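File shown: upload16.csv (CSV, C-alpha atoms and all ligand atoms).
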chain,number,residue,atom,x,y,z
A,1,MET,CA,31.8,-6.7,6.8
A,2,THR,CA,29.2,-7.1,4.1
A,3,ASP,CA,29.4,-5.1,0.9
A,4,VAL,CA,25.7,-4.3,0.7
A,5,ILE,CA,23.0,-4.7,3.3
A,6,ILE,CA,19.6,-4.7,1.7
A,7,ILE,CA,16.7,-4.0,4.1
A,8,GLY,CA,13.8,-6.1,2.9
A,9,ALA,CA,13.6,-9.3,0.9
A,10,GLY,CA,10.6,-8.6,-1.3
A,11,PRO,CA,10.9,-8.4,-5.1
A,12,ALA,CA,12.9,-5.1,-5.0
A,13,GLY,CA,15.3,-6.4,-2.3
A,14,LEU,CA,15.9,-9.8,-3.8
A,15,SER,CA,16.3,-8.4,-7.3
A,16,ALA,CA,18.9,-6.1,-5.8
A,17,ALA,CA,20.6,-9.1,-4.1
A,18,ILE,CA,20.8,-10.9,-7.4
A,19,TYR,CA,22.4,-7.9,-9.1
A,20,VAL,CA,24.9,-7.3,-6.2
A,21,GLN,CA,26.0,-10.9,-6.3
A,22,ARG,CA,26.4,-10.9,-10.1
A,23,ALA,CA,28.5,-7.8,-9.8
A,24,GLY,CA,30.9,-9.8,-7.6
A,25,LYS,CA,29.9,-8.3,-4.3
A,26,HIS,CA,28.2,-9.8,-1.3
A,27,ALA,CA,24.6,-9.0,-0.3
A,28,VAL,CA,22.8,-9.6,3.0
A,29,CYS,CA,19.1,-9.1,3.0
A,30,LEU,CA,17.4,-8.4,6.4
A,31,GLU,CA,13.8,-9.4,6.4
A,32,ALA,CA,11.4,-8.7,9.2
A,33,LEU,CA,8.6,-11.1,8.1
A,34,THR,CA,8.4,-13.2,4.9
A,35,VAL,CA,10.6,-13.5,1.9
A,36,GLY,CA,8.6,-12.1,-1.1
A,37,GLY,CA,6.9,-9.3,0.8
A,38,GLN,CA,3.3,-8.5,-0.2
A,39,ILE,CA,3.4,-10.4,-3.5
A,40,VAL,CA,3.7,-13.7,-1.6
A,41,ASN,CA,-0.1,-13.5,-0.9
A,42,THR,CA,-1.1,-12.8,-4.5
A,43,PRO,CA,-2.9,-15.8,-5.9
A,44,GLU,CA,-2.1,-15.0,-9.6
A,45,ILE,CA,0.5,-12.9,-11.3
A,46,GLU,CA,-0.2,-12.3,-15.0
A,47,ASN,CA,1.7,-9.1,-15.7
A,48,TYR,CA,5.3,-9.9,-15.1
A,49,PRO,CA,7.0,-9.8,-18.5
A,50,GLY,CA,8.1,-13.2,-19.7
A,51,ILE,CA,6.0,-15.2,-17.2
A,52,LYS,CA,2.5,-15.8,-18.5
A,53,LYS,CA,1.1,-16.9,-15.2
A,54,THR,CA,2.4,-17.8,-11.8
A,55,SER,CA,1.4,-17.4,-8.1
A,56,GLY,CA,3.0,-14.9,-5.8
A,57,PHE,CA,4.3,-17.7,-3.6
A,58,GLU,CA,6.0,-19.5,-6.6
A,59,PHE,CA,7.4,-16.2,-7.8
A,60,SER,CA,8.8,-15.3,-4.4
A,61,MET,CA,10.4,-18.7,-3.9
A,62,GLY,CA,12.0,-18.4,-7.3
A,63,LEU,CA,13.5,-15.0,-6.5
A,64,TYR,CA,14.7,-16.3,-3.1
A,65,GLU,CA,16.4,-19.4,-4.6
A,66,GLN,CA,17.9,-17.3,-7.4
A,67,ALA,CA,19.4,-14.8,-5.0
A,68,THR,CA,20.6,-17.4,-2.4
A,69,GLU,CA,22.1,-19.7,-5.0
A,70,LEU,CA,24.1,-16.8,-6.2
A,71,GLY,CA,25.5,-16.4,-2.7
A,72,ALA,CA,23.2,-13.8,-1.1
A,73,GLU,CA,22.2,-14.3,2.5
A,74,VAL,CA,18.8,-13.7,4.0
A,75,ILE,CA,18.7,-13.0,7.7
A,76,TYR,CA,15.3,-12.8,9.5
A,77,GLU,CA,15.8,-9.5,11.5
A,78,LYS,CA,13.9,-6.2,11.5
A,79,ALA,CA,16.3,-3.3,10.8
A,80,VAL,CA,15.5,-0.4,13.1
A,81,ARG,CA,18.3,2.1,12.4
A,82,ILE,CA,21.0,3.0,10.0
A,83,ALA,CA,24.0,4.9,11.4
A,84,SER,CA,27.4,5.7,10.1
A,85,ALA,CA,30.3,3.9,11.7
A,86,GLY,CA,31.4,7.2,13.1
A,87,GLU,CA,28.3,7.4,15.3
A,88,ILE,CA,28.7,4.0,16.9
A,89,SER,CA,31.7,2.8,18.8
A,90,ALA,CA,32.8,-0.5,17.3
A,91,GLU,CA,34.8,-1.3,20.5
A,92,ASN,CA,33.4,-4.2,22.5
A,93,ILE,CA,31.1,-5.3,19.6
A,94,PRO,CA,32.6,-8.5,18.3
A,95,GLU,CA,30.6,-8.5,15.0
A,96,LEU,CA,32.1,-5.1,14.2
A,97,SER,CA,35.7,-6.1,14.9
A,98,ASP,CA,36.5,-6.2,11.2
A,99,ILE,CA,35.8,-2.5,10.7
A,100,GLN,CA,38.6,-1.4,12.9
A,101,GLY,CA,41.1,0.7,10.9
A,102,GLU,CA,38.5,1.4,8.1
A,103,ASP,CA,37.4,4.9,7.3
A,104,PRO,CA,34.3,5.2,9.5
A,105,GLY,CA,32.8,7.8,7.2
A,106,LYS,CA,32.5,5.1,4.5
A,107,ILE,CA,30.8,2.4,6.6
A,108,PHE,CA,27.2,2.1,7.7
A,109,ILE,CA,26.0,0.2,10.7
A,110,VAL,CA,22.5,-1.3,10.5
A,111,GLU,CA,21.0,-2.1,13.9
A,112,THR,CA,18.2,-4.7,14.2
A,113,GLU,CA,15.3,-5.0,16.6
A,114,SER,CA,17.0,-7.8,18.5
A,115,GLY,CA,20.1,-5.6,19.1
A,116,LYS,CA,22.4,-7.0,16.3
A,117,LYS,CA,24.7,-4.5,14.7
A,118,MET,CA,26.0,-5.2,11.1
A,119,ALA,CA,28.4,-3.3,9.0
A,120,ALA,CA,28.2,-2.6,5.3
A,121,ARG,CA,29.8,-0.4,2.7
A,122,ALA,CA,26.4,0.5,1.2
A,123,VAL,CA,22.8,0.0,2.2
A,124,ILE,CA,19.7,-0.4,0.0
A,125,ILE,CA,16.3,0.4,1.7
A,126,ALA,CA,13.7,-1.9,0.1
A,127,THR,CA,11.1,-2.1,2.9
A,128,GLY,CA,8.1,-2.1,0.6
A,129,ALA,CA,4.8,-1.1,2.1
A,130,LYS,CA,2.6,-2.5,4.8
A,131,ASN,CA,-1.2,-2.9,4.8
A,132,ARG,CA,-3.0,0.3,5.7
A,133,HIS,CA,-5.3,-0.1,8.8
A,134,LEU,CA,-8.7,1.6,9.1
A,135,GLY,CA,-7.8,3.0,12.5
A,136,ILE,CA,-11.2,2.3,14.0
A,137,ASP,CA,-12.0,1.0,17.5
A,138,ARG,CA,-11.4,-2.7,18.1
A,139,GLU,CA,-9.6,-3.2,14.8
A,140,GLU,CA,-6.3,-4.3,16.3
A,141,GLU,CA,-8.0,-6.4,19.0
A,142,LEU,CA,-10.0,-8.4,16.4
A,143,ILE,CA,-7.1,-9.2,14.1
A,144,GLY,CA,-7.1,-12.9,13.7
A,145,LYS,CA,-10.6,-13.0,15.2
A,146,GLY,CA,-12.4,-12.0,12.1
A,147,VAL,CA,-10.4,-9.0,11.0
A,148,SER,CA,-7.8,-9.9,8.3
A,149,TYR,CA,-5.6,-8.1,5.7
A,150,CYS,CA,-5.0,-11.1,3.6
A,151,ALA,CA,-7.8,-13.0,1.9
A,152,THR,CA,-5.5,-15.6,0.4
A,153,CYS,CA,-4.0,-16.4,3.8
A,154,ASP,CA,-7.2,-16.5,5.8
A,155,GLY,CA,-10.1,-16.9,3.4
A,156,ALA,CA,-10.4,-20.7,3.9
A,157,PHE,CA,-11.2,-20.1,7.6
A,158,PHE,CA,-14.5,-18.5,6.5
A,159,LYS,CA,-16.0,-21.5,4.6
A,160,GLY,CA,-19.8,-21.1,4.3
A,161,LYS,CA,-19.8,-17.8,6.2
A,162,ASP,CA,-20.8,-14.2,5.3
A,163,VAL,CA,-17.8,-11.9,5.0
A,164,ALA,CA,-17.1,-8.3,3.9
A,165,VAL,CA,-14.2,-6.8,1.9
A,166,ASN,CA,-13.4,-3.1,2.4
A,167,GLY,CA,-11.7,-1.2,-0.5
A,168,GLY,CA,-12.1,-0.4,-4.2
A,169,GLY,CA,-8.7,-1.3,-5.6
A,170,ASN,CA,-7.5,-4.4,-7.4
A,171,THR,CA,-6.7,-6.1,-4.1
A,172,ALA,CA,-10.2,-5.6,-2.8
A,173,LEU,CA,-11.8,-6.9,-6.1
A,174,GLU,CA,-9.5,-9.9,-6.3
A,175,ASP,CA,-10.0,-10.7,-2.6
A,176,ALA,CA,-13.8,-10.6,-3.1
A,177,LEU,CA,-13.5,-12.9,-6.1
A,178,PHE,CA,-11.3,-15.3,-4.2
A,179,LEU,CA,-13.6,-15.3,-1.2
A,180,THR,CA,-16.6,-16.3,-3.3
A,181,ASN,CA,-14.9,-19.7,-3.6
A,182,TYR,CA,-15.4,-20.3,0.1
A,183,CYS,CA,-18.0,-18.0,1.5
A,184,ASN,CA,-21.7,-17.9,1.4
A,185,LYS,CA,-21.9,-14.2,0.7
A,186,VAL,CA,-19.3,-11.4,0.2
A,187,TYR,CA,-20.1,-7.7,0.7
A,188,ILE,CA,-17.8,-5.2,-1.0
A,189,ILE,CA,-17.8,-2.0,1.1
A,190,HIS,CA,-16.3,0.9,-0.8
A,191,ARG,CA,-16.2,4.6,0.1
A,192,ARG,CA,-17.0,5.7,-3.5
A,193,GLU,CA,-19.2,4.8,-6.4
A,194,GLY,CA,-16.3,4.3,-8.8
A,195,PHE,CA,-13.6,1.6,-8.5
A,196,ARG,CA,-9.9,2.1,-8.7
A,197,GLY,CA,-9.4,-1.6,-9.6
A,198,GLU,CA,-9.2,-2.7,-13.3
A,199,PRO,CA,-12.4,-3.0,-15.3
A,200,LYS,CA,-11.6,-6.7,-15.9
A,201,ASN,CA,-11.7,-7.4,-12.2
A,202,LEU,CA,-14.8,-5.3,-11.7
A,203,GLU,CA,-16.7,-7.1,-14.5
A,204,ALA,CA,-15.7,-10.5,-13.0
A,205,VAL,CA,-17.0,-9.3,-9.6
A,206,LYS,CA,-20.3,-8.1,-11.1
A,207,LYS,CA,-20.9,-11.5,-12.6
A,208,LYS,CA,-20.9,-13.2,-9.1
A,209,ASP,CA,-24.4,-13.7,-7.6
A,210,ASN,CA,-23.1,-13.9,-4.1
A,211,ILE,CA,-21.4,-10.5,-4.0
A,212,GLU,CA,-23.3,-7.4,-2.8
A,213,PHE,CA,-22.0,-3.9,-3.2
A,214,VAL,CA,-22.2,-1.4,-0.3
A,215,LEU,CA,-21.0,1.8,-2.0
A,216,ASN,CA,-20.4,5.3,-0.8
A,217,SER,CA,-19.9,3.8,2.6
A,218,THR,CA,-17.2,3.4,5.2
A,219,VAL,CA,-16.7,1.0,8.0
A,220,VAL,CA,-17.1,2.9,11.2
A,221,GLY,CA,-17.6,0.1,13.8
A,222,LEU,CA,-16.9,-3.5,14.6
A,223,LYS,CA,-19.2,-5.7,16.7
A,224,GLY,CA,-18.5,-9.0,18.4
A,225,GLU,CA,-17.3,-10.1,21.8
A,226,LYS,CA,-14.7,-12.9,21.3
A,227,SER,CA,-14.7,-12.6,17.5
A,228,LEU,CA,-16.2,-10.4,14.8
A,229,GLU,CA,-20.0,-10.7,14.5
A,230,ALA,CA,-20.9,-7.6,12.4
A,231,VAL,CA,-19.6,-4.4,10.8
A,232,ILE,CA,-21.2,-1.0,11.0
A,233,THR,CA,-21.1,1.0,7.9
A,234,LYS,CA,-22.0,4.7,7.4
A,235,ASP,CA,-23.4,5.9,4.1
A,236,LYS,CA,-21.4,9.0,3.0
A,237,ASN,CA,-24.5,10.7,1.5
A,238,THR,CA,-27.3,9.9,3.9
A,239,GLU,CA,-25.1,9.4,7.0
A,240,GLU,CA,-27.3,6.3,7.6
A,241,LEU,CA,-25.7,3.6,9.7
A,242,ARG,CA,-26.1,-0.1,8.7
A,243,GLU,CA,-25.2,-3.2,10.7
A,244,ILE,CA,-24.1,-6.0,8.4
A,245,PRO,CA,-23.7,-9.4,10.1
A,246,VAL,CA,-20.4,-11.0,9.0
A,247,SER,CA,-17.8,-13.1,10.6
A,248,GLY,CA,-14.9,-11.8,8.5
A,249,LEU,CA,-13.8,-8.4,7.4
A,250,PHE,CA,-11.0,-8.3,4.9
A,251,ILE,CA,-9.4,-4.8,4.9
A,252,ALA,CA,-7.9,-4.0,1.5
A,253,ILE,CA,-7.5,-0.3,1.5
A,254,GLY,CA,-4.0,0.0,0.1
A,255,GLN,CA,-0.6,0.2,1.6
A,256,GLU,CA,1.6,2.7,3.4
A,257,PRO,CA,5.4,2.8,3.9
A,258,ASP,CA,7.3,1.9,7.0
A,259,ASN,CA,10.4,4.1,6.6
A,260,ALA,CA,10.2,6.4,9.7
A,261,ALA,CA,13.2,4.7,11.3
A,262,PHE,CA,15.4,5.8,8.3
A,263,GLY,CA,14.5,9.5,8.3
A,264,ASN,CA,18.0,10.3,9.6
A,265,VAL,CA,19.7,9.1,6.4
A,266,ALA,CA,17.0,9.4,3.8
A,267,GLU,CA,14.6,12.3,3.0
A,268,LEU,CA,11.0,11.2,3.3
A,269,ASP,CA,8.0,12.8,1.5
A,270,GLY,CA,4.8,13.8,3.3
A,271,ALA,CA,3.4,10.3,3.1
A,272,GLY,CA,6.6,8.7,4.4
A,273,TYR,CA,8.0,7.4,1.1
A,274,VAL,CA,11.8,7.9,0.5
A,275,ASN,CA,12.7,10.5,-2.1
A,276,ALA,CA,15.4,9.4,-4.5
A,277,ASP,CA,16.8,10.2,-8.0
A,278,GLU,CA,16.6,8.0,-11.1
A,279,SER,CA,19.6,6.0,-9.9
A,280,CYS,CA,17.9,5.3,-6.5
A,281,ASN,CA,20.3,7.6,-4.6
A,282,THR,CA,18.9,9.0,-1.4
A,283,LYS,CA,20.3,12.2,0.2
A,284,THR,CA,23.1,10.2,1.8
A,285,PRO,CA,25.8,8.9,-0.5
A,286,GLY,CA,26.0,5.1,0.0
A,287,ILE,CA,22.3,4.8,1.0
A,288,PHE,CA,20.0,3.7,-1.8
A,289,VAL,CA,16.3,2.9,-2.0
A,290,ALA,CA,14.3,0.5,-4.2
A,291,GLY,CA,10.7,-0.6,-4.8
A,292,ASP,CA,7.4,0.4,-3.3
A,293,CYS,CA,8.9,2.2,-0.4
A,294,ARG,CA,10.2,5.1,-2.6
A,295,THR,CA,8.3,8.1,-4.0
A,296,LYS,CA,7.0,7.0,-7.4
A,297,GLN,CA,3.9,6.9,-9.6
A,298,VAL,CA,3.7,3.2,-10.4
A,299,ARG,CA,4.1,0.5,-7.8
A,300,GLN,CA,4.2,-2.8,-9.6
A,301,LEU,CA,6.2,-6.0,-9.4
A,302,THR,CA,8.1,-5.0,-12.6
A,303,THR,CA,9.0,-1.6,-11.2
A,304,ALA,CA,10.1,-3.1,-7.9
A,305,ALA,CA,12.4,-5.5,-9.7
A,306,SER,CA,13.8,-2.8,-12.0
A,307,ASP,CA,14.5,-0.5,-9.0
A,308,GLY,CA,16.3,-3.4,-7.3
A,309,ALA,CA,18.6,-3.7,-10.4
A,310,VAL,CA,19.2,0.0,-10.6
A,311,ALA,CA,19.9,0.5,-6.8
A,312,ALA,CA,22.2,-2.6,-6.8
A,313,LEU,CA,24.3,-1.3,-9.7
A,314,ALA,CA,24.5,2.1,-8.2
A,315,ALA,CA,25.5,0.7,-4.8
A,316,CYS,CA,28.3,-1.5,-6.5
A,317,ALA,CA,29.5,1.6,-8.4
A,318,TYR,CA,29.6,3.6,-5.2
A,319,ILE,CA,31.6,0.9,-3.4
A,320,GLY,CA,34.0,0.7,-6.4
A,401,LIG,P1,-5.1,0.8,-4.0
A,401,LIG,O1,-5.1,0.6,-5.5
A,401,LIG,O2,-4.4,2.0,-3.4
A,401,LIG,O3,-6.6,0.9,-3.6
A,401,LIG,C1,-7.0,1.1,-2.2
A,401,LIG,C2,-8.5,1.3,-2.1
A,401,LIG,O4,-8.8,1.5,-0.8
A,401,LIG,C3,-9.0,2.4,-2.9
A,401,LIG,O5,-10.2,2.1,-3.5
A,401,LIG,C4,-9.3,3.5,-1.9
A,401,LIG,O6,-10.4,4.3,-2.1
A,401,LIG,C5,-9.6,2.7,-0.6
A,401,LIG,N1,-9.1,3.4,0.6
A,401,LIG,C6,-7.9,3.9,0.9
A,401,LIG,N2,-7.9,4.4,2.1
A,401,LIG,C7,-9.1,4.1,2.6
A,401,LIG,C8,-9.7,4.4,3.9
A,401,LIG,N3,-9.0,5.0,4.9
A,401,LIG,N4,-10.9,4.0,4.1
A,401,LIG,C9,-11.7,3.4,3.1
A,401,LIG,N5,-11.1,3.1,1.9
A,401,LIG,C10,-9.9,3.5,1.7
A,401,LIG,O7,-4.5,-0.5,-3.2
A,401,LIG,P2,-4.5,-2.0,-3.7
A,401,LIG,O8,-5.8,-2.4,-4.2
A,401,LIG,O9,-3.9,-2.7,-2.5
A,401,LIG,O10,-3.5,-2.0,-4.9
A,401,LIG,C11,-2.1,-1.5,-4.7
A,401,LIG,C12,-1.4,-1.6,-6.0
A,401,LIG,O11,-1.2,-3.0,-6.4
A,401,LIG,C13,-2.2,-1.0,-7.2
A,401,LIG,O12,-1.3,-0.4,-8.0
A,401,LIG,C14,-2.9,-2.2,-7.8
A,401,LIG,O13,-3.2,-2.0,-9.1
A,401,LIG,C15,-1.8,-3.3,-7.6
A,401,LIG,N6,-2.4,-4.6,-7.6
A,401,LIG,C16,-2.3,-5.3,-8.8
A,401,LIG,C17,-2.9,-6.5,-8.8
A,401,LIG,C18,-2.8,-7.2,-10.2
A,401,LIG,O14,-2.3,-6.7,-11.1
A,401,LIG,N7,-3.3,-8.5,-10.2
A,401,LIG,C19,-3.5,-7.1,-7.7
A,401,LIG,C20,-3.5,-6.4,-6.5
A,401,LIG,C21,-3.0,-5.1,-6.5
A,401,LIG,P3,-10.4,5.4,-3.3
A,401,LIG,O15,-10.5,4.7,-4.6
A,401,LIG,O16,-11.6,6.2,-3.0
A,401,LIG,O17,-9.2,6.2,-3.1
Would you mind writing the file out in structure tokens?
Amino acid sequence: MTDVIIIGAGPAGLSAAIYVQRAGKHAVCLEALTVGGQIVNTPEIENYPGIKKTSGFEFSMGLYEQATELGAEVIYEKAVRIASAGEISAENIPELSDIQGEDPGKIFIVETESGKKMAARAVIIATGAKNRHLGIDREEELIGKGVSYCATCDGAFFKGKDVAVNGGGNTALEDALFLTNYCNKVYIIHRREGFRGEPKNLEAVKKKDNIEFVLNSTVVGLKGEKSLEAVITKDKNTEELREIPVSGLFIAIGQEPDNAAFGNVAELDGAGYVNADESCNTKTPGIFVAGDCRTKQVRQLTTAASDGAVAALAACAYIG
């Protein structure tokens, strides 16, 4: 049995793993996709104290190596349920043979999408957040065929082409700047006049002569047979529709949590984030939460890492 199962190997989860290992306990991180989470796609990090400049990939690999060299394990499985050992019969499940005779009220079983069951004395939910989708017709069908949620991953496929970025936050502005390196023209489609992204990013975008702003507008349609050929925008004020020929649409309209599977052990707020106290305790003793997936004001790399430390120390104190 593991001391602490950490669901998610992003900055919060891996920071938690480092602290669990250094507290003399064993941590297993379950990761559904990529180590590093969302930050792995960020080209430049300039706001992590003590590191003047690095890339998201380099930062993620550093975290991964630090955690695993301390003895943490990372297993590529998607966690789909947390149950107490009392709810699941450990009989006939070989991987749970070592919990026989233990107090089932003090053990959690984490089930994965592939059907694995793993036991732990404490669990930290560090699932981060996933890219928000527009929810318009053909969006899902055109993913990988012009529709993307990651400019740094897919930008190079659009060399010399016209593309659009949707959103008005730092991600959208940085994506647009990044895409100007490859693309002929970049449209920034944003639903308001004002931008949520930092003035420094907005100034940099305004200096580019191959960026056109399409403001007060939303993307309402996608055209193209086998791949994206144009986006249809709607002006919020005039209701006018405009067809913009592009072969790429980079959707950067923020993130949303993916915690619905854990609503049985943790209280979720209206938007699906996990409610917790200052020590990252959820409503269930032994279940903790760290990083972007919890209710909070500021979601940054630094706050994810600090949550990881707090949740890990709380989990280790709980185990005793
Ligand atoms: P964000 O700051 O939440 O911005 C999302 C943008 O998408 C907003 O402009 C929002 O419009 C728009 N939007 C939301 N839902 C929409 C919808 N359904 N249709 C159309 N537009 C929609 O998200 P983000 O840019 O991904 O950034 C997330 C966090 O990471 C932020 O704290 C950000 O500062 C941080 N970040 C930091 C860096 C950096 O420091 N280098 C880089 C990237 C991200 P409204 O403004 O009208 O709400």
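Taking atom CA of A:Ile319 and atom CA of A:Ala122 as endpoints, the distance between them is 7.0 Å.
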* Residues within 7 Å of ligand LIG 401 (chain A) should be enumerated using all atoms listed in the file and returned as an MDAnalysis selection string. => chainID A and resid 42 44:47 134 166:172 174 190:192 195:197 218 252:255 298:300
* Spatial neighbours of A:Tyr318, 9 Å, all atoms listed in the file, chain gap at least 5 places, as a list in words -> Arg121, Ala122, Pro285, Gly286 and Leu313 of chain A
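Among the candidate residues A:Thr284, A:Ala32, A:Gly105, A:Asn201, the one lying nearest to A:Ala126 is A:Ala32, with distances computed using all atoms listed in the file.
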* To do: Just the residues within 8 Å of stretch 231-242 of chain A, please, counting all atoms listed in the file, with nothing from its chain fewer than 2 positions along; format it as number ranges by chain.
  => A: 191, 215-223, 228-229, 244-246, 249
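Between A:Gly10 and the candidates A:Lys130, A:Lys200, A:Glu102, A:Glu111, the tightest atom-to-atom separation, counting all atoms listed in the file, involves A:Lys130.
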* Asked: In terms of the shortest atom-to-atom distance over only C-alpha atoms, which of A:Ser60, A:Ser148, A:Asn210, A:Ser15 is closest to A:Gly248?
  -> A:Ser148
* Write out as a PyMOL selection string each polymer residue whose atoms come within 7 Å of A:Cys29, counting all atoms listed in the file; drop sequence neighbours fewer than 3 positions from it. => chain A and resi 5-9+73-75
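All residues of protein, DNA or RNA that reach within 9 Å of A:Ala120, judged by all atoms listed in the file and not counting those fewer than 4 positions away in the chain, are Met1, Thr2, Asp3, Val4, Ile5, Lys106, Ile107, Phe108, Ile109 and Val110 of chain A.
Pairwise distance (atom CA of A:Ala129, atom CA of A:Val205) equals 26.1 Å.
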* To do: In the coordinates of the file, take the point (15.8, -3.0, 16.6) and a cut-off of 7 Å; then, counting only C-alpha atoms, name each qualifying protein, DNA or RNA residue as an NGL selection string.
  => :A and (78-80 or 111-115)
* To do: Rank A:Leu268, A:Ile99, A:Cys153, A:Val123 by their smallest atom-to-atom distance to A:Leu30, using all atoms listed in the file, and report the top residue only.
  => A:Val123
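Going from atom CA of A:Glu95 over to atom CA of A:Ile82, you cover 15.8 Å.
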* To do: Write out as a VMD selection string the residues lying within 8 Å of A:Ala304, counting all atoms listed in the file and excluding same-chain residues fewer than 4 positions away.
  => chain A and resid 11 to 12 290 to 292 299 to 300 308
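Of the residues under consideration (A:Lys208, A:Arg81, A:Lys145, A:His133), A:Arg81 shows the shortest atom-to-atom contact distance to A:Ala260 when counting all atoms listed in the file.
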Kindly output stretch 263-269 of chain A as a PDB file, in the frame of the given file, after building all heavy atoms.
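Contents of part24.pdb, as written:
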ATOM      1  N   GLY A 263      14.593   8.049   8.590  1.00  0.00           N
ATOM      2  CA  GLY A 263      14.500   9.500   8.300  1.00  0.00           C
ATOM      3  C   GLY A 263      15.803  10.229   8.552  1.00  0.00           C
ATOM      4  O   GLY A 263      16.002  11.325   8.031  1.00  0.00           O
ATOM      5  N   ASN A 264      16.714   9.642   9.336  1.00  0.00           N
ATOM      6  CA  ASN A 264      18.000  10.300   9.600  1.00  0.00           C
ATOM      7  C   ASN A 264      18.944  10.247   8.395  1.00  0.00           C
ATOM      8  O   ASN A 264      19.784  11.115   8.211  1.00  0.00           O
ATOM      9  CB  ASN A 264      18.682   9.671  10.827  1.00  0.00           C
ATOM     10  CG  ASN A 264      18.966   8.182  10.641  1.00  0.00           C
ATOM     11  OD1 ASN A 264      18.212   7.473   9.976  1.00  0.00           O
ATOM     12  ND2 ASN A 264      20.049   7.699  11.219  1.00  0.00           N
ATOM     13  N   VAL A 265      18.798   9.227   7.542  1.00  0.00           N
ATOM     14  CA  VAL A 265      19.700   9.100   6.400  1.00  0.00           C
ATOM     15  C   VAL A 265      19.035   9.325   5.050  1.00  0.00           C
ATOM     16  O   VAL A 265      19.705   9.482   4.030  1.00  0.00           O
ATOM     17  CB  VAL A 265      20.388   7.694   6.391  1.00  0.00           C
ATOM     18  CG1 VAL A 265      21.400   7.570   7.512  1.00  0.00           C
ATOM     19  CG2 VAL A 265      19.358   6.574   6.438  1.00  0.00           C
ATOM     20  N   ALA A 266      17.689   9.286   5.031  1.00  0.00           N
ATOM     21  CA  ALA A 266      17.000   9.400   3.800  1.00  0.00           C
ATOM     22  C   ALA A 266      15.853  10.453   3.945  1.00  0.00           C
ATOM     23  O   ALA A 266      15.203  10.467   4.984  1.00  0.00           O
ATOM     24  CB  ALA A 266      16.399   8.098   3.324  1.00  0.00           C
ATOM     25  N   GLU A 267      15.664  11.276   2.902  1.00  0.00           N
ATOM     26  CA  GLU A 267      14.600  12.300   3.000  1.00  0.00           C
ATOM     27  C   GLU A 267      13.252  11.585   2.680  1.00  0.00           C
ATOM     28  O   GLU A 267      13.131  10.857   1.681  1.00  0.00           O
ATOM     29  CB  GLU A 267      14.869  13.349   1.943  1.00  0.00           C
ATOM     30  CG  GLU A 267      13.877  14.474   1.938  1.00  0.00           C
ATOM     31  CD  GLU A 267      14.196  15.430   0.792  1.00  0.00           C
ATOM     32  OE1 GLU A 267      15.066  16.294   0.976  1.00  0.00           O
ATOM     33  OE2 GLU A 267      13.570  15.273  -0.281  1.00  0.00           O
ATOM     34  N   LEU A 268      12.263  11.796   3.559  1.00  0.00           N
ATOM     35  CA  LEU A 268      11.000  11.200   3.300  1.00  0.00           C
ATOM     36  C   LEU A 268       9.979  12.234   2.835  1.00  0.00           C
ATOM     37  O   LEU A 268      10.059  13.399   3.243  1.00  0.00           O
ATOM     38  CB  LEU A 268      10.422  10.583   4.657  1.00  0.00           C
ATOM     39  CG  LEU A 268      11.344   9.601   5.404  1.00  0.00           C
ATOM     40  CD1 LEU A 268      10.624   9.035   6.630  1.00  0.00           C
ATOM     41  CD2 LEU A 268      11.808   8.465   4.503  1.00  0.00           C
ATOM     42  N   ASP A 269       9.048  11.807   1.956  1.00  0.00           N
ATOM     43  CA  ASP A 269       8.000  12.800   1.500  1.00  0.00           C
ATOM     44  C   ASP A 269       6.911  12.826   2.554  1.00  0.00           C
ATOM     45  O   ASP A 269       6.968  12.140   3.588  1.00  0.00           O
ATOM     46  CB  ASP A 269       7.524  12.429   0.088  1.00  0.00           C
ATOM     47  CG  ASP A 269       6.703  11.134   0.039  1.00  0.00           C
ATOM     48  OD1 ASP A 269       6.302  10.620   1.108  1.00  0.00           O
ATOM     49  OD2 ASP A 269       6.447  10.653  -1.081  1.00  0.00           O
TER      50      ASP A 269
END
